[in-house]
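Undergrad: Quick one: the structure is below, and I'll ask about it shortly.
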Amino acid sequence: MNNVSNFIHSALAIVEMEVRKIRHDSTELWTRSVQPALWLLVFGEVFNAVRELSPEGYTYIQFITPGVLAQSVLFVSIFYGITLVWERDVGLLTKLLSTPSPRSSIVVGKALAAGVRGIFQAIMIFGLALVIGVNLKHDLMNVAGVFMVIILFAMCFSSLSMLLASFLKTRDRMMGIGQALTMPLFFGSNAIYPVTLMPTWLQYASKVNPLSYVVDAMRALLLTGDYANLPADLAVLMVSTLVLVTLASTAIKRLVE
Amino acid sequence: MVDSAKAIEVGGLTKVYPPDNRAVDGVTFSVDEGEVFGLLGPNGAGKTTAIRMITTLGRPTSGSITVFGLDVLKSPQDARRMFGYVPQAISADGDLTGYENLLIFSKLFYVDKRERDGRIRDALKYMGISDRGDDLVKHYSGGMVRRLEIAQALVNRPKILFLDEPTIGLDPSSKRQVWGYIKRLNKEFGTTILITTHDMAEADELCSRIAIMNLGSIRVVDTPEELKKSVGRDVVTVELPPGGNATQIPAELGSVIGSEDGVVRISTEDAEKAAAIRRYYEGKGVAVESVSVNKPTLDDVFMKYAKSSIQEKGTMVETRSLRRSFARFGR
C-alpha cells in the first residue's frame, strides 16, 4: 500500500514539474494549436463541399473535429521522447533516475504530463469548434469521457515515443521516426475520411491502427452517441498503454548508461 | 557483511564496455561514515563510471557494492534513498525556478511534507541564493547552479553524497565558496561524501582520504599527508632546453616522478641534492636552464602514481559536453 502511494506521489511530482514549466513558458502549447486550427478552418471548410466525405446527417466539419483532435494529441505525444533525449543531454535525466522514485513512476508521470498537454489541445479545439459553430455534444459526461480517452491516448503514444527514445538516443533520429510514424497513422485512419471510402487493403490496415480506435471513441462521445464500440476501443487503448509504459520503464535506463 | 557497516564498501568493481574496454577494472575500496573520500584521476580514469555504478545508474560487469550493509545491486531503490548525487554536468532544470527545483526533487526523494518548505527555505538561505529562489535557473551563473545542487542535499539529507567533479568549470572564488559549503555539509550533518576530481588542490582541501585512479584501477589509497610524504621530502624541478630529455638519474640523487616538455620533477630526501642534480645533468652535456626546490604537492603524488599528465588525456567528447552544459547557463 505504501508502495502504491509512493508511486502515485512520484508520478504526480513529475506531472507537477511539467505543469510548472508550462506555467513559466506556454509558447509551445499555443503554437501547437495553430495546426489543428488550420485543419478545421481551411481543410474542413473546403472539404465541407464534398458530399461523399461526410456520413449521413453530419457536416464534414463535424465529422473531422474528433479526427483533428486525435491528430493534434498524436503530434504532442509522438514527439514526447525528444524531451526525454533533451533531458538526457543536459543531465537532468541522470538526476531523475538517481532519486529513490521508481523508474516506472517517472515514466508514468511523464506520460500523464503528455496527457495534460493533450487536454490543453482539446480545450483549444473545443473552443474553436464552438466559435465556428460546429455542433458537438457537450454534456459533462461526454466531455469527461473525451478527456479520459485523450489522457489514455497521450499516455500510450508518449510511452511509445519514450521507448523509441531509449533506443534511438538522439533528437535527429527521433524527429525522423516521429515524422515517419505520424503521417501513415493519420492518413491510414478514419480521422479525416470514412473507412468505407478506403481501398480494401487500407481498410484492413486501419483496423490495426490505434488512431482509428481513438477517433472512433471520440466520435461516439462527441457526435453519434452510439457507444456500442466504446468498451472495445477503451480496452485496446488501456492494454496498449499498459504494455508500452512497462516497456518504456525498463528501457529508460538505456538512456543514461 | 553487516559488521561495523562501512558507509561504502566496493569490492572488485569492474565495468567492461564491448568489445574490450575495461573502464573500471577490479576496483576495491571502502569509505567510513562521516568521511570525505576522494577518487582522484585523469579524465578517462574511470572515476565517473565507478560513481555511476555505485549510484545504481550503471550496472557493473562484476563486483560487489554495499552501503551501510545494504547490497546496492540487489536493492537499488532502497540504496537510492540514502544517496544524493550531483553529476558532473549541470543537472538542475533551467526551466524551473530554484525553489521549484528543490521542491520537485525533494518530493521525488520522499522528504516529509511538513518539513519540506522549511528545509527548502533554509537551504536557499544557507547557500546564499534565497533572493534568487524565484528566478528561473537558466538565468543563474554556473556557481549558483552548483550551490543550488548542493542545496538539494541539504533538503534531502542523504546519508551519502556523491559529487562528480563538483567545481569543474567554476571560477576560483566560486570554487572556494563551493568547497566551504561541502565542508560544512560534512561537519554539520555528518554526511559521508564521495567526491571525484582531477583538481589536486580540491582533493587536498576537502578529502580525508584519497584514492588515485588511473586506467580503471586504483593505484594507491591514503591520506593527503601520507601521500605527499611518500613522494619524498622535497621536489626538485629541473628545466632543460627544448628537446633535452634525460629521465634517468642515479638513485642516490632521487627519483624522477614526472617529465614533460623538458621539465623534469625529481623527488628527493634532501633539498641540498639540487646542486648535485644540476651538476649531474651538466656533466652529461645537457644545459640546465633552471633548478628550483619545492615541497611536494598532490600534483607530484599524482604524477608518481598515475604517471601521466592530467590535461593530456581529456577526451574531446567530455570537454564538449561540459562546455555545452555550462553554456546553457551563461548570461
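The way I read the labels, and the way they are meant: chains A, B, ... in the order of the C-alpha cells, residue 1 as the first residue of every chain, and ligand 1 as the first ligand shown, with later ones counted on from there.
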Given only C-alpha atoms, how would the per-residue table for chain A near chain B read, listing every residue at most 12 Å away with its closest atom pair and distance in Å to one decimal, sorted by chain and number, as a tab-separated table?
TA:
residue	atom	partner	partner_atom	distance
A:Asn2	CA	B:Tyr110	CA	11.8
A:Asn3	CA	B:Gln77	CA	11.6
A:Ser5	CA	B:Tyr110	CA	10.9
A:Asn6	CA	B:Tyr110	CA	7.9
A:Phe7	CA	B:Leu108	CA	9.7
A:Ile8	CA	B:Leu108	CA	10.7
A:His9	CA	B:Lys107	CA	7.7
A:Ser10	CA	B:Leu108	CA	5.4
A:Ala11	CA	B:Leu108	CA	8.7
A:Leu12	CA	B:Lys107	CA	9.4
A:Ala13	CA	B:Ile104	CA	6.1
A:Ile14	CA	B:Ile104	CA	7.5
A:Val15	CA	B:Ile104	CA	9.9
A:Glu16	CA	B:Ile104	CA	7.8
A:Met17	CA	B:Ile104	CA	6.5
A:Glu18	CA	B:Leu96	CA	9.3
A:Val19	CA	B:Leu96	CA	10.2
A:Arg20	CA	B:Leu96	CA	7.1
A:Lys21	CA	B:Asp95	CA	5.9
A:Ile22	CA	B:Asp95	CA	9.0
A:Arg23	CA	B:Leu96	CA	9.6
A:His24	CA	B:Asp95	CA	7.4
A:Asp25	CA	B:Asp95	CA	8.3
A:Ser26	CA	B:Asp95	CA	11.4
A:Trp86	CA	B:Asp93	CA	11.3
A:Glu87	CA	B:Asp93	CA	8.7
A:Arg88	CA	B:Ser91	CA	9.5
A:Asp89	CA	B:Ser321	CA	8.4
A:Val90	CA	B:Ser325	CA	6.2
A:Gly91	CA	B:Ser91	CA	4.8
A:Leu92	CA	B:Ser91	CA	4.7
A:Leu93	CA	B:Ser91	CA	8.1
A:Thr94	CA	B:Leu57	CA	7.5
A:Lys95	CA	B:Ser91	CA	6.5
A:Leu96	CA	B:Phe105	CA	7.9
A:Leu97	CA	B:Leu57	CA	7.2
A:Ser98	CA	B:Arg80	CA	6.5
A:Thr99	CA	B:Phe109	CA	5.8
A:Pro100	CA	B:Arg80	CA	4.8
A:Ser101	CA	B:Leu108	CA	5.6
A:Pro102	CA	B:Gln77	CA	7.0
A:Arg103	CA	B:Gln77	CA	9.3
A:Ser104	CA	B:Gln77	CA	11.8
A:Ser105	CA	B:Leu108	CA	9.8
A:Ile106	CA	B:Leu108	CA	9.2
A:Gly109	CA	B:Leu108	CA	11.2
A:Ile252	CA	B:Leu57	CA	11.0
A:Lys253	CA	B:Leu57	CA	7.5
A:Arg254	CA	B:Gly58	CA	9.1
A:Leu255	CA	B:Leu57	CA	10.0
A:Val256	CA	B:Leu57	CA	6.9
A:Glu257	CA	B:Gly58	CA	5.5
Undergrad: Give the alpha helix (DSSP H) residues of region 23-177 of chain B, as assigned by DSSP on the backbone, as a VMD selection string.
TA: chain B and resid 47 to 54 76 to 80 98 to 108 113 to 126 142 to 156 172 to 177
Undergrad: If you measure from CA of Gly69 (chain B) to CA of Gly34 (chain B), what distance in Å do you get, rounded to one decimal?
TA: 15.4 Å
Undergrad: Smallest atom-to-atom distance to Val10 (chain B): which of B:Ala23, B:Ala50, B:Val137, B:Ile277, using only C-alpha atoms?
TA: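 Going through B:Ala23, B:Ala50, B:Val137, B:Ile277 one by one, the smallest distance to Val10 (chain B) is for B:Ala50.
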Undergrad: Rank A:Ser206, A:Thr27, A:Ser212, A:Ser33 by their smallest atom-to-atom distance to Val76 (chain A), using only C-alpha atoms, and report the top residue only.
TA: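 When distances to Val76 (chain A) are compared using only C-alpha atoms, the smallest one comes from A:Ser33.
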Undergrad: From a DSSP calculation on the backbone, collect every residue of region 41-258 of chain B in strand (DSSP E) and output the set as a ChimeraX atom specification.
TA: /B:62-67,70-71,83-86,160-164,192-197,209-214,217-222,234-239,255-258
Undergrad: Using only C-alpha atoms, which residue out of A:Val243, A:Leu197, A:Leu136, A:Ile177 lies closest to Gly225 (chain A)?
TA: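 Result for the nearest residue to Gly225 (chain A): A:Leu136.
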Undergrad: Interatomic distance between CA of Val236 (chain A) and CA of Phe157 (chain A)?
TA: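 Rounded to one decimal, the two atoms are 13.0 Å apart.
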Undergrad: As a VMD selection string, please: the residues near region 81-83 of chain A (cut-off 9 Å, only C-alpha atoms, same-chain neighbours under 2 positions excluded).
TA: chain A and resid 77 to 79 85 to 88 158 to 166 169 to 172 174 to 175
Undergrad: Those residues with N, CA and C atoms, as an mmCIF file, in the first residue's frame please?
TA:
data_model
loop_
_atom_site.group_PDB
_atom_site.id
_atom_site.type_symbol
_atom_site.label_atom_id
_atom_site.label_comp_id
_atom_site.auth_asym_id
_atom_site.auth_seq_id
_atom_site.Cartn_x
_atom_site.Cartn_y
_atom_site.Cartn_z
ATOM 1 N N SER A 77 2.162 13.739 -28.462
ATOM 2 C CA SER A 77 2.704 12.561 -27.777
ATOM 3 C C SER A 77 3.856 11.908 -28.520
ATOM 4 N N ILE A 78 3.729 11.833 -29.850
ATOM 5 C CA ILE A 78 4.703 11.041 -30.597
ATOM 6 C C ILE A 78 6.093 11.677 -30.543
ATOM 7 N N PHE A 79 6.139 13.004 -30.311
ATOM 8 C CA PHE A 79 7.439 13.663 -30.218
ATOM 9 C C PHE A 79 7.872 13.840 -28.762
ATOM 10 N N VAL A 85 15.137 12.872 -24.574
ATOM 11 C CA VAL A 85 16.501 12.910 -25.104
ATOM 12 C C VAL A 85 17.187 14.208 -24.673
ATOM 13 N N TRP A 86 16.410 15.304 -24.740
ATOM 14 C CA TRP A 86 16.960 16.590 -24.332
ATOM 15 C C TRP A 86 17.347 16.548 -22.841
ATOM 16 N N GLU A 87 16.483 16.001 -22.016
ATOM 17 C CA GLU A 87 16.766 15.921 -20.585
ATOM 18 C C GLU A 87 17.984 15.051 -20.312
ATOM 19 N N ARG A 88 18.159 14.050 -21.166
ATOM 20 C CA ARG A 88 19.332 13.208 -21.027
ATOM 21 C C ARG A 88 20.579 14.007 -21.391
ATOM 22 N N SER A 158 2.977 8.627 -25.910
ATOM 23 C CA SER A 158 4.191 9.215 -25.346
ATOM 24 C C SER A 158 5.078 8.106 -24.778
ATOM 25 N N SER A 159 4.469 7.036 -24.263
ATOM 26 C CA SER A 159 5.285 5.905 -23.794
ATOM 27 C C SER A 159 5.985 5.236 -24.964
ATOM 28 N N LEU A 160 5.253 5.092 -26.068
ATOM 29 C CA LEU A 160 5.878 4.536 -27.274
ATOM 30 C C LEU A 160 7.067 5.405 -27.672
ATOM 31 N N SER A 161 6.852 6.731 -27.611
ATOM 32 C CA SER A 161 7.903 7.656 -28.000
ATOM 33 C C SER A 161 9.091 7.568 -27.041
ATOM 34 N N MET A 162 8.819 7.419 -25.733
ATOM 35 C CA MET A 162 9.906 7.291 -24.760
ATOM 36 C C MET A 162 10.658 5.977 -24.956
ATOM 37 N N LEU A 163 9.888 4.950 -25.326
ATOM 38 C CA LEU A 163 10.505 3.650 -25.603
ATOM 39 C C LEU A 163 11.457 3.768 -26.793
ATOM 40 N N LEU A 164 10.982 4.424 -27.858
ATOM 41 C CA LEU A 164 11.828 4.617 -29.040
ATOM 42 C C LEU A 164 13.057 5.453 -28.687
ATOM 43 N N ALA A 165 12.845 6.504 -27.887
ATOM 44 C CA ALA A 165 13.952 7.386 -27.496
ATOM 45 C C ALA A 165 15.039 6.600 -26.765
ATOM 46 N N SER A 166 14.626 5.611 -25.970
ATOM 47 C CA SER A 166 15.596 4.826 -25.207
ATOM 48 C C SER A 166 16.526 4.040 -26.122
ATOM 49 N N LYS A 169 18.105 7.441 -28.998
ATOM 50 C CA LYS A 169 19.018 8.278 -28.214
ATOM 51 C C LYS A 169 19.409 9.643 -28.774
ATOM 52 N N THR A 170 19.042 9.976 -30.009
ATOM 53 C CA THR A 170 19.359 11.335 -30.473
ATOM 54 C C THR A 170 18.095 12.029 -30.957
ATOM 55 N N ARG A 171 18.142 13.359 -30.908
ATOM 56 C CA ARG A 171 16.977 14.141 -31.314
ATOM 57 C C ARG A 171 16.687 13.995 -32.802
ATOM 58 N N ASP A 172 17.764 13.961 -33.598
ATOM 59 C CA ASP A 172 17.575 13.866 -35.052
ATOM 60 C C ASP A 172 16.826 12.596 -35.423
ATOM 61 N N MET A 174 14.923 10.862 -33.533
ATOM 62 C CA MET A 174 13.556 10.923 -33.014
ATOM 63 C C MET A 174 12.659 11.749 -33.925
ATOM 64 N N MET A 175 13.200 12.852 -34.444
ATOM 65 C CA MET A 175 12.424 13.669 -35.382
ATOM 66 C C MET A 175 12.059 12.815 -36.589
#
Undergrad: How far is it from CA of Glu289 (chain B) to CA of Ala306 (chain B), in Å with one decimal?
TA: 26.8 Å
Undergrad: Quick one: residues within 12 Å of Ala275 (chain B), only C-alpha atoms counted, chain neighbours fewer than 2 positions away excluded, as a ChimeraX atom specification?
TA: /B:236-238,253,270-273,277-282,288,290-293
Undergrad: Restricting it to N, CA and C atoms, dump the selection as a PDB file, in the first residue's frame.
TA:
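Written output follows (result.pdb):
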ATOM      1  N   VAL B 236      62.597  18.567  -6.585  1.00  0.00           N
ATOM      2  CA  VAL B 236      63.481  19.437  -7.355  1.00  0.00           C
ATOM      3  C   VAL B 236      62.955  19.478  -8.795  1.00  0.00           C
ATOM      4  N   THR B 237      62.717  20.690  -9.282  1.00  0.00           N
ATOM      5  CA  THR B 237      62.250  20.824 -10.657  1.00  0.00           C
ATOM      6  C   THR B 237      63.395  21.343 -11.519  1.00  0.00           C
ATOM      7  N   VAL B 238      63.726  20.595 -12.542  1.00  0.00           N
ATOM      8  CA  VAL B 238      64.829  20.980 -13.417  1.00  0.00           C
ATOM      9  C   VAL B 238      64.262  21.302 -14.788  1.00  0.00           C
ATOM     10  N   LEU B 253      70.616  10.344  -5.951  1.00  0.00           N
ATOM     11  CA  LEU B 253      70.195  11.738  -6.084  1.00  0.00           C
ATOM     12  C   LEU B 253      68.693  11.898  -5.867  1.00  0.00           C
ATOM     13  N   ASP B 270      66.460  15.314   0.304  1.00  0.00           N
ATOM     14  CA  ASP B 270      67.274  16.414   0.799  1.00  0.00           C
ATOM     15  C   ASP B 270      67.371  17.507  -0.265  1.00  0.00           C
ATOM     16  N   ALA B 271      66.938  18.700   0.085  1.00  0.00           N
ATOM     17  CA  ALA B 271      66.946  19.807  -0.869  1.00  0.00           C
ATOM     18  C   ALA B 271      68.365  20.120  -1.354  1.00  0.00           C
ATOM     19  N   GLU B 272      69.360  19.794  -0.506  1.00  0.00           N
ATOM     20  CA  GLU B 272      70.755  20.062  -0.871  1.00  0.00           C
ATOM     21  C   GLU B 272      71.168  19.335  -2.150  1.00  0.00           C
ATOM     22  N   LYS B 273      70.437  18.275  -2.468  1.00  0.00           N
ATOM     23  CA  LYS B 273      70.785  17.489  -3.651  1.00  0.00           C
ATOM     24  C   LYS B 273      70.565  18.266  -4.950  1.00  0.00           C
ATOM     25  N   ILE B 277      72.195  17.473  -8.533  1.00  0.00           N
ATOM     26  CA  ILE B 277      71.386  17.093  -9.695  1.00  0.00           C
ATOM     27  C   ILE B 277      71.762  17.956 -10.897  1.00  0.00           C
ATOM     28  N   ARG B 278      71.940  19.267 -10.618  1.00  0.00           N
ATOM     29  CA  ARG B 278      72.340  20.184 -11.696  1.00  0.00           C
ATOM     30  C   ARG B 278      73.674  19.733 -12.287  1.00  0.00           C
ATOM     31  N   ARG B 279      74.614  19.411 -11.406  1.00  0.00           N
ATOM     32  CA  ARG B 279      75.941  19.006 -11.860  1.00  0.00           C
ATOM     33  C   ARG B 279      75.846  17.721 -12.683  1.00  0.00           C
ATOM     34  N   TYR B 280      74.969  16.831 -12.252  1.00  0.00           N
ATOM     35  CA  TYR B 280      74.829  15.556 -12.960  1.00  0.00           C
ATOM     36  C   TYR B 280      74.387  15.789 -14.407  1.00  0.00           C
ATOM     37  N   TYR B 281      73.382  16.661 -14.575  1.00  0.00           N
ATOM     38  CA  TYR B 281      72.888  16.924 -15.931  1.00  0.00           C
ATOM     39  C   TYR B 281      73.961  17.592 -16.768  1.00  0.00           C
ATOM     40  N   GLU B 282      74.630  18.622 -16.157  1.00  0.00           N
ATOM     41  CA  GLU B 282      75.646  19.355 -16.909  1.00  0.00           C
ATOM     42  C   GLU B 282      76.805  18.440 -17.270  1.00  0.00           C
ATOM     43  N   VAL B 288      71.277  23.093 -18.328  1.00  0.00           N
ATOM     44  CA  VAL B 288      70.117  23.216 -17.435  1.00  0.00           C
ATOM     45  C   VAL B 288      69.699  24.683 -17.392  1.00  0.00           C
ATOM     46  N   SER B 290      67.045  26.031 -15.517  1.00  0.00           N
ATOM     47  CA  SER B 290      66.790  26.485 -14.151  1.00  0.00           C
ATOM     48  C   SER B 290      66.556  25.290 -13.241  1.00  0.00           C
ATOM     49  N   VAL B 291      66.775  25.506 -11.959  1.00  0.00           N
ATOM     50  CA  VAL B 291      66.535  24.459 -10.962  1.00  0.00           C
ATOM     51  C   VAL B 291      65.771  25.109  -9.814  1.00  0.00           C
ATOM     52  N   SER B 292      64.692  24.471  -9.365  1.00  0.00           N
ATOM     53  CA  SER B 292      64.008  25.023  -8.186  1.00  0.00           C
ATOM     54  C   SER B 292      63.601  23.895  -7.251  1.00  0.00           C
ATOM     55  N   VAL B 293      63.409  24.254  -5.986  1.00  0.00           N
ATOM     56  CA  VAL B 293      63.068  23.248  -4.966  1.00  0.00           C
ATOM     57  C   VAL B 293      61.731  23.620  -4.333  1.00  0.00           C
TER      58      VAL B 293
END
Undergrad: Would you mind listing what lies within 12 Å of Ala235 (chain A) as a PDB file with N, CA and C atoms, in the first residue's frame, with only C-alpha atoms counted and same-chain residues fewer than 2 positions away left out?
TA:
ATOM      1  N   VAL A 149     -10.265   9.613 -22.732  1.00  0.00           N
ATOM      2  CA  VAL A 149      -9.685   8.994 -23.932  1.00  0.00           C
ATOM      3  C   VAL A 149      -8.391   9.706 -24.323  1.00  0.00           C
ATOM      4  N   LEU A 152      -5.513   8.729 -21.939  1.00  0.00           N
ATOM      5  CA  LEU A 152      -5.042   7.375 -22.241  1.00  0.00           C
ATOM      6  C   LEU A 152      -4.236   7.351 -23.546  1.00  0.00           C
ATOM      7  N   PHE A 153      -4.770   8.018 -24.545  1.00  0.00           N
ATOM      8  CA  PHE A 153      -4.154   8.057 -25.861  1.00  0.00           C
ATOM      9  C   PHE A 153      -2.771   8.715 -25.788  1.00  0.00           C
ATOM     10  N   PRO A 210      -4.072   2.083 -34.121  1.00  0.00           N
ATOM     11  CA  PRO A 210      -4.670   2.512 -32.843  1.00  0.00           C
ATOM     12  C   PRO A 210      -5.402   3.847 -32.958  1.00  0.00           C
ATOM     13  N   TYR A 213      -9.144   3.577 -33.441  1.00  0.00           N
ATOM     14  CA  TYR A 213      -9.944   3.288 -32.240  1.00  0.00           C
ATOM     15  C   TYR A 213     -10.185   4.546 -31.429  1.00  0.00           C
ATOM     16  N   VAL A 214      -9.130   5.391 -31.355  1.00  0.00           N
ATOM     17  CA  VAL A 214      -9.261   6.632 -30.604  1.00  0.00           C
ATOM     18  C   VAL A 214     -10.307   7.540 -31.258  1.00  0.00           C
ATOM     19  N   ALA A 217     -13.772   6.250 -30.715  1.00  0.00           N
ATOM     20  CA  ALA A 217     -14.276   6.532 -29.368  1.00  0.00           C
ATOM     21  C   ALA A 217     -14.685   7.992 -29.240  1.00  0.00           C
ATOM     22  N   ASN A 229     -19.214   0.443 -29.615  1.00  0.00           N
ATOM     23  CA  ASN A 229     -17.802   0.075 -29.750  1.00  0.00           C
ATOM     24  C   ASN A 229     -16.924   0.610 -28.634  1.00  0.00           C
ATOM     25  N   LEU A 230     -17.502   1.499 -27.812  1.00  0.00           N
ATOM     26  CA  LEU A 230     -16.682   2.224 -26.843  1.00  0.00           C
ATOM     27  C   LEU A 230     -15.887   1.313 -25.905  1.00  0.00           C
ATOM     28  N   PRO A 231     -16.512   0.294 -25.285  1.00  0.00           N
ATOM     29  CA  PRO A 231     -15.743  -0.575 -24.375  1.00  0.00           C
ATOM     30  C   PRO A 231     -14.558  -1.221 -25.072  1.00  0.00           C
ATOM     31  N   ALA A 232     -14.748  -1.688 -26.316  1.00  0.00           N
ATOM     32  CA  ALA A 232     -13.658  -2.321 -27.055  1.00  0.00           C
ATOM     33  C   ALA A 232     -12.563  -1.295 -27.350  1.00  0.00           C
ATOM     34  N   ASP A 233     -12.964  -0.102 -27.787  1.00  0.00           N
ATOM     35  CA  ASP A 233     -11.977   0.956 -28.066  1.00  0.00           C
ATOM     36  C   ASP A 233     -11.119   1.236 -26.830  1.00  0.00           C
ATOM     37  N   LEU A 237      -7.050   0.530 -26.018  1.00  0.00           N
ATOM     38  CA  LEU A 237      -6.211   1.659 -25.601  1.00  0.00           C
ATOM     39  C   LEU A 237      -5.517   1.382 -24.274  1.00  0.00           C
ATOM     40  N   MET A 238      -6.281   0.840 -23.318  1.00  0.00           N
ATOM     41  CA  MET A 238      -5.720   0.602 -21.989  1.00  0.00           C
ATOM     42  C   MET A 238      -4.638  -0.464 -22.022  1.00  0.00           C
ATOM     43  N   VAL A 239      -4.915  -1.546 -22.751  1.00  0.00           N
ATOM     44  CA  VAL A 239      -3.925  -2.622 -22.806  1.00  0.00           C
ATOM     45  C   VAL A 239      -2.640  -2.129 -23.462  1.00  0.00           C
ATOM     46  N   SER A 240      -2.776  -1.396 -24.589  1.00  0.00           N
ATOM     47  CA  SER A 240      -1.533  -0.933 -25.232  1.00  0.00           C
ATOM     48  C   SER A 240      -0.799   0.074 -24.365  1.00  0.00           C
ATOM     49  N   THR A 241      -1.534   0.904 -23.627  1.00  0.00           N
ATOM     50  CA  THR A 241      -0.860   1.847 -22.738  1.00  0.00           C
ATOM     51  C   THR A 241      -0.058   1.103 -21.681  1.00  0.00           C
ATOM     52  N   LEU A 242      -0.698   0.106 -21.074  1.00  0.00           N
ATOM     53  CA  LEU A 242      -0.047  -0.659 -20.008  1.00  0.00           C
ATOM     54  C   LEU A 242       1.233  -1.320 -20.522  1.00  0.00           C
TER      55      LEU A 242
END
Undergrad: Taking only C-alpha atoms into account, name the residue in A:Ile192, A:Val116, A:Leu181, A:Leu84 that is nearest to Gly44 (chain A).
TA: A:Ile192
